[in-house]
file upload33.pdb (PDB, C-alpha atoms and all ligand atoms)
MODEL        1
ATOM      1  CA  MET A   1     -14.094  36.875  13.666  1.00  0.00           C
ATOM      2  CA  LYS A   2     -15.570  33.421  13.973  1.00  0.00           C
ATOM      3  CA  GLU A   3     -16.116  31.130  11.021  1.00  0.00           C
ATOM      4  CA  LYS A   4     -19.436  29.694   9.942  1.00  0.00           C
ATOM      5  CA  ALA A   5     -19.651  26.107   8.773  1.00  0.00           C
ATOM      6  CA  LEU A   6     -21.805  23.709   6.870  1.00  0.00           C
ATOM      7  CA  PHE A   7     -21.295  20.270   8.406  1.00  0.00           C
ATOM      8  CA  LEU A   8     -22.107  17.256   6.275  1.00  0.00           C
ATOM      9  CA  ASP A   9     -22.699  13.649   7.123  1.00  0.00           C
ATOM     10  CA  ARG A  10     -21.029  11.521   4.423  1.00  0.00           C
ATOM     11  CA  ASP A  11     -22.963   8.343   3.627  1.00  0.00           C
ATOM     12  CA  GLY A  12     -26.439   9.227   2.431  1.00  0.00           C
ATOM     13  CA  ILE A  13     -25.522  12.885   1.902  1.00  0.00           C
ATOM     14  CA  LEU A  14     -22.380  13.096  -0.247  1.00  0.00           C
ATOM     15  CA  ASN A  15     -22.782   9.596  -1.603  1.00  0.00           C
ATOM     16  CA  VAL A  16     -25.456   6.933  -1.678  1.00  0.00           C
ATOM     17  CA  ASP A  17     -25.361   4.925   1.550  1.00  0.00           C
ATOM     18  CA  LYS A  18     -24.830   1.346   0.437  1.00  0.00           C
ATOM     19  CA  GLY A  19     -23.700   0.357   3.918  1.00  0.00           C
ATOM     20  CA  TYR A  20     -20.039   0.426   4.953  1.00  0.00           C
ATOM     21  CA  VAL A  21     -18.788   2.148   1.820  1.00  0.00           C
ATOM     22  CA  TYR A  22     -14.986   2.302   1.742  1.00  0.00           C
ATOM     23  CA  LYS A  23     -13.999   1.888  -1.902  1.00  0.00           C
ATOM     24  CA  TRP A  24     -13.975   4.599  -4.537  1.00  0.00           C
ATOM     25  CA  ASP A  25     -15.701   2.209  -6.964  1.00  0.00           C
ATOM     26  CA  ASP A  26     -18.674   2.098  -4.585  1.00  0.00           C
ATOM     27  CA  ILE A  27     -19.134   5.854  -4.490  1.00  0.00           C
ATOM     28  CA  ILE A  28     -22.304   7.028  -6.203  1.00  0.00           C
ATOM     29  CA  TRP A  29     -22.532  10.789  -5.678  1.00  0.00           C
ATOM     30  CA  ASN A  30     -25.754  12.508  -4.692  1.00  0.00           C
ATOM     31  CA  ASP A  31     -25.823  15.148  -7.427  1.00  0.00           C
ATOM     32  CA  ASP A  32     -27.623  17.714  -5.272  1.00  0.00           C
ATOM     33  CA  ILE A  33     -24.644  17.902  -2.920  1.00  0.00           C
ATOM     34  CA  PHE A  34     -22.564  19.703  -5.571  1.00  0.00           C
ATOM     35  CA  ASP A  35     -24.856  22.750  -5.596  1.00  0.00           C
ATOM     36  CA  ILE A  36     -24.927  22.756  -1.812  1.00  0.00           C
ATOM     37  CA  ILE A  37     -21.125  22.751  -1.504  1.00  0.00           C
ATOM     38  CA  LYS A  38     -20.870  25.403  -4.229  1.00  0.00           C
ATOM     39  CA  LEU A  39     -23.324  27.635  -2.359  1.00  0.00           C
ATOM     40  CA  ALA A  40     -21.461  27.171   0.920  1.00  0.00           C
ATOM     41  CA  ASN A  41     -18.140  27.949  -0.776  1.00  0.00           C
ATOM     42  CA  GLU A  42     -19.570  31.109  -2.347  1.00  0.00           C
ATOM     43  CA  LYS A  43     -21.046  32.277   0.959  1.00  0.00           C
ATOM     44  CA  ASP A  44     -17.790  31.650   2.864  1.00  0.00           C
ATOM     45  CA  TYR A  45     -19.040  28.775   4.966  1.00  0.00           C
ATOM     46  CA  LEU A  46     -16.448  26.145   5.752  1.00  0.00           C
ATOM     47  CA  VAL A  47     -17.613  22.733   4.555  1.00  0.00           C
ATOM     48  CA  ILE A  48     -16.674  19.957   6.965  1.00  0.00           C
ATOM     49  CA  VAL A  49     -17.564  16.271   6.791  1.00  0.00           C
ATOM     50  CA  LEU A  50     -18.349  14.449  10.051  1.00  0.00           C
ATOM     51  CA  THR A  51     -18.803  10.710   9.504  1.00  0.00           C
ATOM     52  CA  ASN A  52     -19.188   7.647  11.713  1.00  0.00           C
ATOM     53  CA  GLN A  53     -17.053   4.824  10.323  1.00  0.00           C
ATOM     54  CA  SER A  54     -17.565   1.933  12.710  1.00  0.00           C
ATOM     55  CA  GLY A  55     -16.639  -0.457   9.898  1.00  0.00           C
ATOM     56  CA  ILE A  56     -13.050   0.201  11.021  1.00  0.00           C
ATOM     57  CA  HIS A  57     -13.801  -0.928  14.562  1.00  0.00           C
ATOM     58  CA  LYS A  58     -15.584  -3.979  13.139  1.00  0.00           C
ATOM     59  CA  GLY A  59     -12.541  -4.878  11.021  1.00  0.00           C
ATOM     60  CA  MET A  60     -14.331  -4.453   7.700  1.00  0.00           C
ATOM     61  CA  TYR A  61     -11.829  -1.877   6.457  1.00  0.00           C
ATOM     62  CA  THR A  62      -8.917   0.176   7.764  1.00  0.00           C
ATOM     63  CA  ARG A  63      -8.154   3.800   8.580  1.00  0.00           C
ATOM     64  CA  ASP A  64      -5.938   3.851   5.487  1.00  0.00           C
ATOM     65  CA  ASP A  65      -8.918   2.794   3.362  1.00  0.00           C
ATOM     66  CA  VAL A  66     -10.886   5.737   4.722  1.00  0.00           C
ATOM     67  CA  HIS A  67      -7.999   8.182   4.213  1.00  0.00           C
ATOM     68  CA  ILE A  68      -7.515   7.019   0.624  1.00  0.00           C
ATOM     69  CA  LEU A  69     -11.237   7.228  -0.111  1.00  0.00           C
ATOM     70  CA  HIS A  70     -11.554  10.724   1.336  1.00  0.00           C
ATOM     71  CA  GLU A  71      -8.538  11.861  -0.652  1.00  0.00           C
ATOM     72  CA  LYS A  72     -10.119  10.544  -3.856  1.00  0.00           C
ATOM     73  CA  MET A  73     -13.463  12.139  -3.032  1.00  0.00           C
ATOM     74  CA  ASN A  74     -11.684  15.402  -2.271  1.00  0.00           C
ATOM     75  CA  ASP A  75      -9.722  15.285  -5.552  1.00  0.00           C
ATOM     76  CA  PHE A  76     -12.944  14.655  -7.444  1.00  0.00           C
ATOM     77  CA  LEU A  77     -14.574  17.695  -5.820  1.00  0.00           C
ATOM     78  CA  ILE A  78     -11.537  19.933  -6.398  1.00  0.00           C
ATOM     79  CA  LYS A  79     -11.791  19.148 -10.115  1.00  0.00           C
ATOM     80  CA  LYS A  80     -15.337  20.491  -9.929  1.00  0.00           C
ATOM     81  CA  ASP A  81     -13.988  23.585  -8.169  1.00  0.00           C
ATOM     82  CA  LEU A  82     -15.670  22.556  -4.910  1.00  0.00           C
ATOM     83  CA  LYS A  83     -13.900  22.806  -1.581  1.00  0.00           C
ATOM     84  CA  ILE A  84     -14.309  20.693   1.511  1.00  0.00           C
ATOM     85  CA  THR A  85     -12.068  22.049   4.257  1.00  0.00           C
ATOM     86  CA  ASP A  86     -11.794  18.953   6.414  1.00  0.00           C
ATOM     87  CA  TRP A  87     -12.980  15.387   6.901  1.00  0.00           C
ATOM     88  CA  PHE A  88     -13.468  13.988  10.409  1.00  0.00           C
ATOM     89  CA  TYR A  89     -14.381  10.361  10.999  1.00  0.00           C
ATOM     90  CA  CYS A  90     -14.985   8.220  14.048  1.00  0.00           C
ATOM     91  CA  ALA A  91     -13.748   4.636  13.900  1.00  0.00           C
ATOM     92  CA  GLU A  92     -14.983   3.555  17.322  1.00  0.00           C
ATOM     93  CA  MET A  93     -18.362   2.394  18.565  1.00  0.00           C
ATOM     94  CA  ASP A  94     -17.921   3.678  22.092  1.00  0.00           C
ATOM     95  CA  SER A  95     -16.526   7.165  21.713  1.00  0.00           C
ATOM     96  CA  MET A  96     -17.437  10.775  22.380  1.00  0.00           C
ATOM     97  CA  ASP A  97     -16.704  11.280  18.695  1.00  0.00           C
ATOM     98  CA  ARG A  98     -19.399   8.882  17.573  1.00  0.00           C
ATOM     99  CA  LYS A  99     -22.495  10.795  16.497  1.00  0.00           C
ATOM    100  CA  PRO A 100     -24.849  11.725  18.080  1.00  0.00           C
ATOM    101  CA  ASN A 101     -22.101  12.505  20.607  1.00  0.00           C
ATOM    102  CA  PRO A 102     -20.602  15.893  19.751  1.00  0.00           C
ATOM    103  CA  GLY A 103     -16.862  15.048  19.843  1.00  0.00           C
ATOM    104  CA  MET A 104     -16.154  15.575  16.138  1.00  0.00           C
ATOM    105  CA  LEU A 105     -18.311  18.698  16.048  1.00  0.00           C
ATOM    106  CA  LEU A 106     -16.488  20.254  18.996  1.00  0.00           C
ATOM    107  CA  LYS A 107     -13.053  19.318  17.620  1.00  0.00           C
ATOM    108  CA  ALA A 108     -13.946  21.026  14.343  1.00  0.00           C
ATOM    109  CA  GLN A 109     -15.280  24.037  16.232  1.00  0.00           C
ATOM    110  CA  LEU A 110     -12.018  24.362  18.150  1.00  0.00           C
ATOM    111  CA  LYS A 111      -9.777  23.737  15.138  1.00  0.00           C
ATOM    112  CA  TYR A 112     -11.480  26.346  12.937  1.00  0.00           C
ATOM    113  CA  ASN A 113     -12.969  28.746  15.515  1.00  0.00           C
ATOM    114  CA  ILE A 114     -16.535  28.088  14.356  1.00  0.00           C
ATOM    115  CA  ASP A 115     -19.686  29.791  15.582  1.00  0.00           C
ATOM    116  CA  LEU A 116     -22.006  26.775  15.885  1.00  0.00           C
ATOM    117  CA  ALA A 117     -25.093  28.944  16.294  1.00  0.00           C
ATOM    118  CA  LYS A 118     -24.491  30.326  12.783  1.00  0.00           C
ATOM    119  CA  SER A 119     -23.696  26.924  11.304  1.00  0.00           C
ATOM    120  CA  TYR A 120     -25.711  24.095   9.745  1.00  0.00           C
ATOM    121  CA  MET A 121     -25.629  20.314   9.646  1.00  0.00           C
ATOM    122  CA  ILE A 122     -27.093  17.970   7.034  1.00  0.00           C
ATOM    123  CA  GLY A 123     -27.600  14.286   7.764  1.00  0.00           C
ATOM    124  CA  ASP A 124     -29.880  11.374   7.048  1.00  0.00           C
ATOM    125  CA  LYS A 125     -30.207   9.690  10.442  1.00  0.00           C
ATOM    126  CA  ALA A 126     -31.481  10.777  13.838  1.00  0.00           C
ATOM    127  CA  THR A 127     -27.902  10.251  15.052  1.00  0.00           C
ATOM    128  CA  ASP A 128     -26.843  13.189  12.862  1.00  0.00           C
ATOM    129  CA  VAL A 129     -28.638  15.433  15.354  1.00  0.00           C
ATOM    130  CA  PHE A 130     -25.909  16.190  17.872  1.00  0.00           C
ATOM    131  CA  GLU A 131     -26.659  15.748  21.520  1.00  0.00           C
ATOM    132  CA  THR A 132     -25.878  18.800  23.579  1.00  0.00           C
ATOM    133  CA  ASP A 133     -25.552  19.122  27.321  1.00  0.00           C
ATOM    134  CA  GLY A 134     -26.396  22.792  27.073  1.00  0.00           C
ATOM    135  CA  THR A 135     -22.775  23.984  27.017  1.00  0.00           C
ATOM    136  CA  PHE A 136     -22.922  24.558  23.247  1.00  0.00           C
ATOM    137  CA  ILE A 137     -25.586  25.323  20.692  1.00  0.00           C
ATOM    138  CA  ARG A 138     -26.348  22.605  18.206  1.00  0.00           C
ATOM    139  CA  PRO A 139     -26.153  23.798  14.605  1.00  0.00           C
ATOM    140  CA  ARG A 140     -29.511  23.919  12.887  1.00  0.00           C
ATOM    141  CA  THR A 141     -29.879  20.428  11.450  1.00  0.00           C
ATOM    142  CA  PHE A 142     -31.537  19.244   8.240  1.00  0.00           C
ATOM    143  CA  LEU A 143     -32.451  15.579   8.089  1.00  0.00           C
ATOM    144  CA  VAL A 144     -33.048  14.093   4.648  1.00  0.00           C
ATOM    145  CA  LYS A 145     -35.403  11.164   4.317  1.00  0.00           C
ATOM    146  CA  GLY A 146     -33.301   8.476   2.750  1.00  0.00           C
ATOM    147  CA  GLN A 147     -33.353   4.822   3.510  1.00  0.00           C
ATOM    148  CA  TYR A 148     -33.731   5.460   7.226  1.00  0.00           C
ATOM    149  CA  ALA A 149     -36.805   6.512   9.126  1.00  0.00           C
ATOM    150  CA  VAL A 150     -35.858   9.938  10.344  1.00  0.00           C
ATOM    151  CA  THR A 151     -37.664  11.142  13.366  1.00  0.00           C
ATOM    152  CA  HIS A 152     -36.194  13.023  16.272  1.00  0.00           C
ATOM    153  CA  PRO A 153     -37.780  14.383  19.423  1.00  0.00           C
ATOM    154  CA  ASP A 154     -36.337  17.836  18.678  1.00  0.00           C
ATOM    155  CA  VAL A 155     -37.948  18.261  15.257  1.00  0.00           C
ATOM    156  CA  GLY A 156     -39.082  21.877  15.282  1.00  0.00           C
ATOM    157  CA  SER A 157     -37.020  25.019  15.183  1.00  0.00           C
ATOM    158  CA  THR A 158     -33.516  23.533  15.223  1.00  0.00           C
ATOM    159  CA  VAL A 159     -34.154  20.202  13.493  1.00  0.00           C
ATOM    160  CA  SER A 160     -36.195  19.746  10.326  1.00  0.00           C
ATOM    161  CA  VAL A 161     -36.986  16.769   8.106  1.00  0.00           C
ATOM    162  CA  HIS A 162     -36.969  17.019   4.308  1.00  0.00           C
ATOM    163  CA  ASP A 163     -37.985  14.668   1.504  1.00  0.00           C
ATOM    164  CA  THR A 164     -34.878  15.205  -0.621  1.00  0.00           C
ATOM    165  CA  LEU A 165     -31.432  16.764  -0.555  1.00  0.00           C
ATOM    166  CA  GLY A 166     -32.692  19.057  -3.323  1.00  0.00           C
ATOM    167  CA  ASP A 167     -35.285  20.439  -0.898  1.00  0.00           C
ATOM    168  CA  VAL A 168     -32.523  21.173   1.624  1.00  0.00           C
ATOM    169  CA  SER A 169     -30.550  22.892  -1.127  1.00  0.00           C
ATOM    170  CA  LYS A 170     -33.503  25.247  -1.781  1.00  0.00           C
ATOM    171  CA  GLU A 171     -33.831  26.022   1.951  1.00  0.00           C
ATOM    172  CA  LEU A 172     -30.126  26.774   2.239  1.00  0.00           C
ATOM    173  CA  ARG A 173     -30.334  29.265  -0.607  1.00  0.00           C
ATOM    174  CA  ASN A 174     -32.476  31.439   1.689  1.00  0.00           C
ATOM    175  CA  LEU A 175     -30.290  30.928   4.753  1.00  0.00           C
ATOM    176  CA  LEU A 176     -26.636  31.015   3.763  1.00  0.00           C
TER     177      LEU A 176
HETATM  178 MG    MG B   1     -25.647   8.987   6.810  1.00  0.00          MG
ENDMDL
END
call {"tool": "encode", "arguments": {"input": "upload33.pdb", "output": "structure tokens", "more": "lines below"}}
Ligand SMILES: [Mg+2]
result
Amino acid sequence: MKEKALFLDRDGILNVDKGYVYKWDDIIWNDDIFDIIKLANEKDYLVIVLTNQSGIHKGMYTRDDVHILHEKMNDFLIKKDLKITDWFYCAEMDSMDRKPNPGMLLKAQLKYNIDLAKSYMIGDKATDVFETDGTFIRPRTFLVKGQYAVTHPDVGSTVSVHDTLGDVSKELRNLL
């Protein structure tokens, strides 16, 4: 039996994207994400974060900073009875793991035996739409209009654009 997953971009989805966030004190949560994680938990979807963190490559912060931050974010969510199964990040600029490349997605798929066709992704940039060479099915992807102009050539059946994370939450209620 394969797992289903809800994949989440971090900055702009879990927390406000202030640009290169790496300190707990800079985390401002997007309140709508709590309901989304709760729904996914209740419906037995794994919740997995996939985040580009090129600030490491650029020397702005370290892998340890990211590990510590994710641990604190995870602890905060656990206290709310919310479960994120795993956090993947990509430190490099030139990597198959860097979104929109699918490296992190495929590693998560392998690690947890995930059916991507029955899974979902939420992001706030066009780069959160994974590129696929046709060997795997991209999870249906919700793009939230945040501070970035979100357009993508594949907007249609597998990619949709939404005004707010709350709107995505309502959609997911009908899907998960
Ligand atoms: Mg983002």
call {"tool": "residues_near_ligand", "arguments": {"input": "upload33.pdb", "ligand": "ligand MG 1 (chain B)", "cutoff": "6 Å", "atoms": "only C-alpha atoms and all ligand atoms", "output": "PyMOL selection string"}}
result
chain A and resi 9-12+123-125
call {"tool": "write_last_selection", "arguments": {"input": "upload33.pdb", "atoms": "C-alpha atoms", "output": "PDB file, in the frame of the given file"}}
result
ATOM      1  CA  ASP A   9     -22.699  13.649   7.123  1.00  0.00           C
ATOM      2  CA  ARG A  10     -21.029  11.521   4.423  1.00  0.00           C
ATOM      3  CA  ASP A  11     -22.963   8.343   3.627  1.00  0.00           C
ATOM      4  CA  GLY A  12     -26.439   9.227   2.431  1.00  0.00           C
ATOM      5  CA  GLY A 123     -27.600  14.286   7.764  1.00  0.00           C
ATOM      6  CA  ASP A 124     -29.880  11.374   7.048  1.00  0.00           C
ATOM      7  CA  LYS A 125     -30.207   9.690  10.442  1.00  0.00           C
TER       8      LYS A 125
END
call {"tool": "residues_near_point", "arguments": {"input": "upload33.pdb", "point": "(-32.5, 13.6, 19.2)", "cutoff": "10 Å", "atoms": "only C-alpha atoms", "output": "JSON, numbers by chain"}}
result
{"A": [100, 125, 126, 127, 128, 129, 130, 131, 132, 151, 152, 153, 154, 155, 159]}
call {"tool": "resolve_selection", "arguments": {"input": "upload33.pdb", "expression": "the PyMOL selection byres (((chain A and resi 144) around 12) and not hetatm)", "output": "ChimeraX atom specification"}}
result
/A:8-9,11-14,30,32-33,121-126,128-129,141-143,145-151,159-169
call {"tool": "resolve_selection", "arguments": {"input": "upload33.pdb", "expression": "the PyMOL selection byres (((chain A and resi 119) around 9) and not hetatm)", "output": "ChimeraX atom specification"}}
result
/A:3-7,45,114-118,120-121,138-141
call {"tool": "residues_around", "arguments": {"input": "upload33.pdb", "residues": "Asn52 (chain A)", "least_positions_apart": "6", "cutoff": "9 Å", "atoms": "all atoms listed in the file", "output": "PDB file with C-alpha atoms, keeping the file's coordinate frame"}}
result
ATOM      1  CA  ASP A   9     -22.699  13.649   7.123  1.00  0.00           C
ATOM      2  CA  ARG A  10     -21.029  11.521   4.423  1.00  0.00           C
ATOM      3  CA  ASP A  11     -22.963   8.343   3.627  1.00  0.00           C
ATOM      4  CA  PHE A  88     -13.468  13.988  10.409  1.00  0.00           C
ATOM      5  CA  TYR A  89     -14.381  10.361  10.999  1.00  0.00           C
ATOM      6  CA  CYS A  90     -14.985   8.220  14.048  1.00  0.00           C
ATOM      7  CA  ALA A  91     -13.748   4.636  13.900  1.00  0.00           C
ATOM      8  CA  GLU A  92     -14.983   3.555  17.322  1.00  0.00           C
ATOM      9  CA  MET A  93     -18.362   2.394  18.565  1.00  0.00           C
ATOM     10  CA  ASP A  97     -16.704  11.280  18.695  1.00  0.00           C
ATOM     11  CA  ARG A  98     -19.399   8.882  17.573  1.00  0.00           C
ATOM     12  CA  LYS A  99     -22.495  10.795  16.497  1.00  0.00           C
TER      13      LYS A  99
END
call {"tool": "residues_near_point", "arguments": {"input": "upload33.pdb", "point": "(-8.6, 2.8, -0.1)", "cutoff": "8 Å", "atoms": "only C-alpha atoms", "output": "list of chain:residue names"}}
result
A:Tyr22, A:Lys23, A:Trp24, A:Asp64, A:Asp65, A:Val66, A:His67, A:Ile68, A:Leu69
call {"tool": "resolve_selection", "arguments": {"input": "upload33.pdb", "expression": "the PyMOL selection byres (((chain A and resi 34) around 10) and not hetatm)", "output": "ChimeraX atom specification"}}
result
/A:14,29-33,35-40,77,80-82,169
call {"tool": "atom_distance", "arguments": {"input": "upload33.pdb", "atom1": "CA of Ser95 (chain A)", "atom2": "CA of Gly19 (chain A)"}}
result
20.4 Å
call {"tool": "residues_around", "arguments": {"input": "upload33.pdb", "residues": "Asn113 (chain A)", "least_positions_apart": "3", "cutoff": "9 Å", "atoms": "only C-alpha atoms", "output": "list in words"}}
result
Met1, Lys2, Glu3, Lys4, Ala108, Gln109 and Leu110 of chain A
call {"tool": "atom_distance", "arguments": {"input": "upload33.pdb", "atom1": "CA of Val47 (chain A)", "atom2": "CA of Gly59 (chain A)"}}
result
28.8 Å
call {"tool": "atom_distance", "arguments": {"input": "upload33.pdb", "atom1": "CA of Lys72 (chain A)", "atom2": "CA of Glu171 (chain A)"}}
result
28.9 Å
call {"tool": "closest_residue", "arguments": {"input": "upload33.pdb", "among": "A:Lys43, A:His70, A:Lys170, A:Lys79", "to": "Val21 (chain A)", "atoms": "all atoms listed in the file"}}
result
A:His70
call {"tool": "axis_aligned_box", "arguments": {"input": "upload33.pdb", "around": "region 140-145 of chain A", "padding_each_side": "8 Å", "output": "JSON"}}
result
{"center_x": -32.5, "center_y": 17.5, "center_z": 8.6, "size_x": 21.9, "size_y": 28.8, "size_z": 24.6}
call {"tool": "closest_residue", "arguments": {"input": "upload33.pdb", "among": "A:Thr135, A:Thr158, A:Thr85, A:Thr51", "to": "Met104 (chain A)", "atoms": "all atoms listed in the file"}}
result
A:Thr51
call {"tool": "closest_residue", "arguments": {"input": "upload33.pdb", "among": "A:Asp86, A:Ile137, A:Asn101, A:Met96", "to": "Ile48 (chain A)", "atoms": "all atoms listed in the file"}}
result
A:Asp86
